[in-house]
Structure formats: structure tokens, C-alpha cells
file run-v8.cif (mmCIF, C-alpha atoms)
data_model
loop_
_atom_site.group_PDB
_atom_site.id
_atom_site.type_symbol
_atom_site.label_atom_id
_atom_site.label_comp_id
_atom_site.auth_asym_id
_atom_site.auth_seq_id
_atom_site.Cartn_x
_atom_site.Cartn_y
_atom_site.Cartn_z
ATOM 1 C CA MET A 1 4.665 -3.632 -10.053
ATOM 2 C CA SER A 2 6.369 -2.312 -13.149
ATOM 3 C CA GLU A 3 6.981 1.305 -14.116
ATOM 4 C CA LYS A 4 4.072 0.930 -16.527
ATOM 5 C CA GLU A 5 1.810 -0.059 -13.645
ATOM 6 C CA SER A 6 3.037 2.730 -11.391
ATOM 7 C CA ALA A 7 2.641 5.499 -13.967
ATOM 8 C CA VAL A 8 -0.798 6.893 -14.584
ATOM 9 C CA THR A 9 -1.786 6.677 -18.214
ATOM 10 C CA ALA A 10 -4.084 9.098 -20.015
ATOM 11 C CA THR A 11 -7.001 6.677 -19.645
ATOM 12 C CA GLU A 12 -6.242 5.701 -16.058
ATOM 13 C CA GLU A 13 -7.375 7.875 -13.185
ATOM 14 C CA ALA A 14 -4.842 8.867 -10.522
ATOM 15 C CA PRO A 15 -5.568 7.447 -7.080
ATOM 16 C CA SER A 16 -7.252 9.722 -4.569
ATOM 17 C CA PHE A 17 -5.276 11.282 -1.743
ATOM 18 C CA ARG A 18 -6.678 8.704 0.720
ATOM 19 C CA GLN A 19 -5.902 5.795 -1.639
ATOM 20 C CA SER A 20 -2.364 7.112 -2.097
ATOM 21 C CA ILE A 21 -1.804 7.431 1.647
ATOM 22 C CA ASP A 22 -3.196 3.939 2.248
ATOM 23 C CA GLU A 23 -0.913 2.470 -0.408
ATOM 24 C CA LEU A 24 2.097 4.367 0.963
ATOM 25 C CA GLU A 25 1.370 2.991 4.433
ATOM 26 C CA SER A 26 1.105 -0.507 2.997
ATOM 27 C CA ILE A 27 4.440 -0.157 1.188
ATOM 28 C CA LEU A 28 6.068 1.172 4.358
ATOM 29 C CA GLU A 29 4.702 -1.726 6.421
ATOM 30 C CA ARG A 30 6.096 -4.228 3.912
ATOM 31 C CA ILE A 31 9.498 -2.527 3.930
ATOM 32 C CA GLU A 32 9.610 -2.276 7.737
ATOM 33 C CA GLY A 33 8.400 -5.862 8.080
ATOM 34 C CA GLU A 34 11.055 -6.991 5.617
ATOM 35 C CA GLU A 35 8.295 -8.570 3.511
ATOM 36 C CA ILE A 36 9.609 -7.167 0.223
ATOM 37 C CA ASP A 37 11.931 -9.268 -1.844
ATOM 38 C CA ILE A 38 15.098 -7.350 -2.660
ATOM 39 C CA ASP A 39 14.271 -7.742 -6.355
ATOM 40 C CA ARG A 40 10.998 -5.813 -5.866
ATOM 41 C CA LEU A 41 12.352 -3.158 -3.506
ATOM 42 C CA GLY A 42 13.253 -0.752 -6.324
ATOM 43 C CA GLU A 43 9.786 -1.079 -7.850
ATOM 44 C CA GLU A 44 8.123 -0.447 -4.496
ATOM 45 C CA LEU A 45 10.307 2.604 -3.863
ATOM 46 C CA ARG A 46 9.517 4.013 -7.326
ATOM 47 C CA ARG A 47 5.799 3.555 -6.641
ATOM 48 C CA ALA A 48 6.168 5.213 -3.226
ATOM 49 C CA THR A 49 8.002 8.148 -4.807
ATOM 50 C CA TYR A 50 5.245 8.549 -7.387
ATOM 51 C CA LEU A 51 2.556 8.464 -4.675
ATOM 52 C CA LEU A 52 4.431 10.987 -2.522
ATOM 53 C CA GLU A 53 4.700 13.429 -5.427
ATOM 54 C CA LEU A 54 1.026 12.926 -6.196
ATOM 55 C CA CYS A 55 0.083 13.700 -2.581
ATOM 56 C CA ARG A 56 2.342 16.757 -2.478
ATOM 57 C CA GLY A 57 0.700 18.067 -5.640
ATOM 58 C CA LYS A 58 -2.769 17.553 -4.178
ATOM 59 C CA ILE A 59 -1.739 19.352 -0.984
ATOM 60 C CA ARG A 60 -0.292 22.290 -2.944
ATOM 61 C CA LYS A 61 -3.484 22.516 -5.009
ATOM 62 C CA ALA A 62 -5.622 22.479 -1.851
ATOM 63 C CA GLU A 63 -3.462 25.210 -0.278
ATOM 64 C CA VAL A 64 -3.950 27.438 -3.323
ATOM 65 C CA GLU A 65 -7.703 26.849 -3.295
ATOM 66 C CA VAL A 66 -7.981 27.592 0.430
ATOM 67 C CA THR A 67 -5.904 30.761 0.044
ATOM 68 C CA GLN A 68 -8.125 31.929 -2.808
ATOM 69 C CA ILE A 69 -11.290 31.237 -0.815
ATOM 70 C CA VAL A 70 -9.971 33.070 2.252
ATOM 71 C CA GLN A 71 -8.921 36.057 0.128
ATOM 72 C CA SER A 72 -12.334 36.107 -1.522
ATOM 73 C CA LEU A 73 -14.049 36.055 1.867
ATOM 74 C CA GLU A 74 -11.804 38.814 3.179
ATOM 75 C CA GLU A 75 -12.481 40.965 0.118
ATOM 76 C CA SER A 76 -16.238 40.484 0.371
ATOM 77 C CA GLY A 77 -16.095 41.209 4.111
ATOM 78 C CA GLU A 78 -14.284 44.517 3.553
ATOM 79 C CA GLY A 79 -17.234 45.932 1.639
ATOM 80 C CA ASP A 80 -19.617 45.059 4.494
ATOM 81 C CA GLU A 81 -17.653 47.046 7.083
ATOM 82 C CA GLU A 82 -18.295 50.450 5.499
#
call {"tool": "encode", "arguments": {"input": "run-v8.cif", "output": "C-alpha cells"}}
result
Amino acid sequence: MSEKESAVTATEEAPSFRQSIDELESILERIEGEEIDIDRLGEELRRATYLLELCRGKIRKAEVEVTQIVQSLEESGEGDEE
């Protein structure tokens, strides 16, 4: 897998959170099982790094959305208590 393949282009859609986790688990299994040729190890680690950053970004986005929803619910609930 080259850097071109691991980077998401403008026309290519980023993998979902679940797809990213599944691919990360697969990479980890290959590394732990010593199935990766030393020549491909760097490529696999670059792909894993990309997927980790993607997942972290999705988690941060979800946290912001949840916080906003909770705040909105709290604000709408305050008006009902009067």
C-alpha cells in the first residue's frame, strides 16, 4: 500500500469509523503475527497512523455534537421548569 493509496483523495471517500477500526485490527494482527514483510512494515504503519488520526477526528466530532445536543436539551428543559 503506497502513500497514494493510504491518503484519501478529493474523489475518494474516507472509510467509516467501523471500517477504520476493522482495518487497524487487521494491521495489528499482521504485525503481531509477524506476517508483514519488513519492506512493507513502514507502509502499514503509515496507514495505521492515518486511520488512527481519522478515528480520533471522528470521535472529537461526535463529542462536540453530543455536547451541543445535551446543552440544547438542558436549555430547553430550563424553560419548562418555570
call {"tool": "atom_distance", "arguments": {"input": "run-v8.cif", "atom1": "CA of Arg47 (chain A)", "atom2": "CA of Gly33 (chain A)"}}
result
17.7 Å
call {"tool": "atom_distance", "arguments": {"input": "run-v8.cif", "atom1": "CA of Ile27 (chain A)", "atom2": "CA of Ala48 (chain A)"}}
result
7.2 Å
call {"tool": "resolve_selection", "arguments": {"input": "run-v8.cif", "expression": "the PyMOL selection byres ((chain A and resi 54) around 12)", "output": "ChimeraX atom specification"}}
result
/A:6-8,14-21,24,47-53,55-61
call {"tool": "atom_distance", "arguments": {"input": "run-v8.cif", "atom1": "CA of Glu63 (chain A)", "atom2": "CA of Glu12 (chain A)"}}
result
25.2 Å
call {"tool": "residues_around", "arguments": {"input": "run-v8.cif", "residues": "Leu41 (chain A)", "least_positions_apart": "2", "cutoff": "12 Å", "atoms": "only C-alpha atoms", "output": "ChimeraX atom specification"}}
result
/A:1-2,27-28,30-32,34-39,43-48
call {"tool": "build_atoms", "arguments": {"input": "run-v8.cif", "residues": "region 31-45 of chain A", "atoms": "N, CA and C atoms", "output": "mmCIF file, in the frame of the given file"}}
result
data_model
loop_
_atom_site.group_PDB
_atom_site.id
_atom_site.type_symbol
_atom_site.label_atom_id
_atom_site.label_comp_id
_atom_site.auth_asym_id
_atom_site.auth_seq_id
_atom_site.Cartn_x
_atom_site.Cartn_y
_atom_site.Cartn_z
ATOM 1 N N ILE A 31 8.065 -2.798 3.833
ATOM 2 C CA ILE A 31 9.498 -2.527 3.930
ATOM 3 C C ILE A 31 9.967 -2.728 5.375
ATOM 4 N N GLU A 32 9.225 -2.150 6.326
ATOM 5 C CA GLU A 32 9.610 -2.276 7.737
ATOM 6 C C GLU A 32 9.533 -3.716 8.210
ATOM 7 N N GLY A 33 8.561 -4.468 7.689
ATOM 8 C CA GLY A 33 8.400 -5.862 8.080
ATOM 9 C C GLY A 33 9.293 -6.802 7.294
ATOM 10 N N GLU A 34 10.138 -6.224 6.452
ATOM 11 C CA GLU A 34 11.055 -6.991 5.617
ATOM 12 C C GLU A 34 10.318 -8.032 4.780
ATOM 13 N N GLU A 35 9.105 -7.673 4.324
ATOM 14 C CA GLU A 35 8.295 -8.570 3.511
ATOM 15 C C GLU A 35 8.588 -8.425 2.030
ATOM 16 N N ILE A 36 9.348 -7.418 1.639
ATOM 17 C CA ILE A 36 9.609 -7.167 0.223
ATOM 18 C C ILE A 36 10.883 -7.871 -0.194
ATOM 19 N N ASP A 37 10.766 -8.634 -1.250
ATOM 20 C CA ASP A 37 11.931 -9.268 -1.844
ATOM 21 C C ASP A 37 12.848 -8.179 -2.374
ATOM 22 N N ILE A 38 14.122 -8.348 -2.232
ATOM 23 C CA ILE A 38 15.098 -7.350 -2.660
ATOM 24 C C ILE A 38 14.942 -7.012 -4.139
ATOM 25 N N ASP A 39 14.480 -7.978 -4.925
ATOM 26 C CA ASP A 39 14.271 -7.742 -6.355
ATOM 27 C C ASP A 39 13.099 -6.789 -6.620
ATOM 28 N N ARG A 40 12.164 -6.690 -5.701
ATOM 29 C CA ARG A 40 10.998 -5.813 -5.866
ATOM 30 C C ARG A 40 11.155 -4.493 -5.122
ATOM 31 N N LEU A 41 12.176 -4.361 -4.325
ATOM 32 C CA LEU A 41 12.352 -3.158 -3.506
ATOM 33 C C LEU A 41 12.411 -1.893 -4.355
ATOM 34 N N GLY A 42 13.156 -1.924 -5.444
ATOM 35 C CA GLY A 42 13.253 -0.752 -6.324
ATOM 36 C C GLY A 42 11.901 -0.358 -6.887
ATOM 37 N N GLU A 43 11.117 -1.352 -7.312
ATOM 38 C CA GLU A 43 9.786 -1.079 -7.850
ATOM 39 C C GLU A 43 8.892 -0.444 -6.795
ATOM 40 N N GLU A 44 8.945 -0.986 -5.596
ATOM 41 C CA GLU A 44 8.123 -0.447 -4.496
ATOM 42 C C GLU A 44 8.538 0.989 -4.164
ATOM 43 N N LEU A 45 9.834 1.248 -4.161
ATOM 44 C CA LEU A 45 10.307 2.604 -3.863
ATOM 45 C C LEU A 45 9.930 3.587 -4.965
#
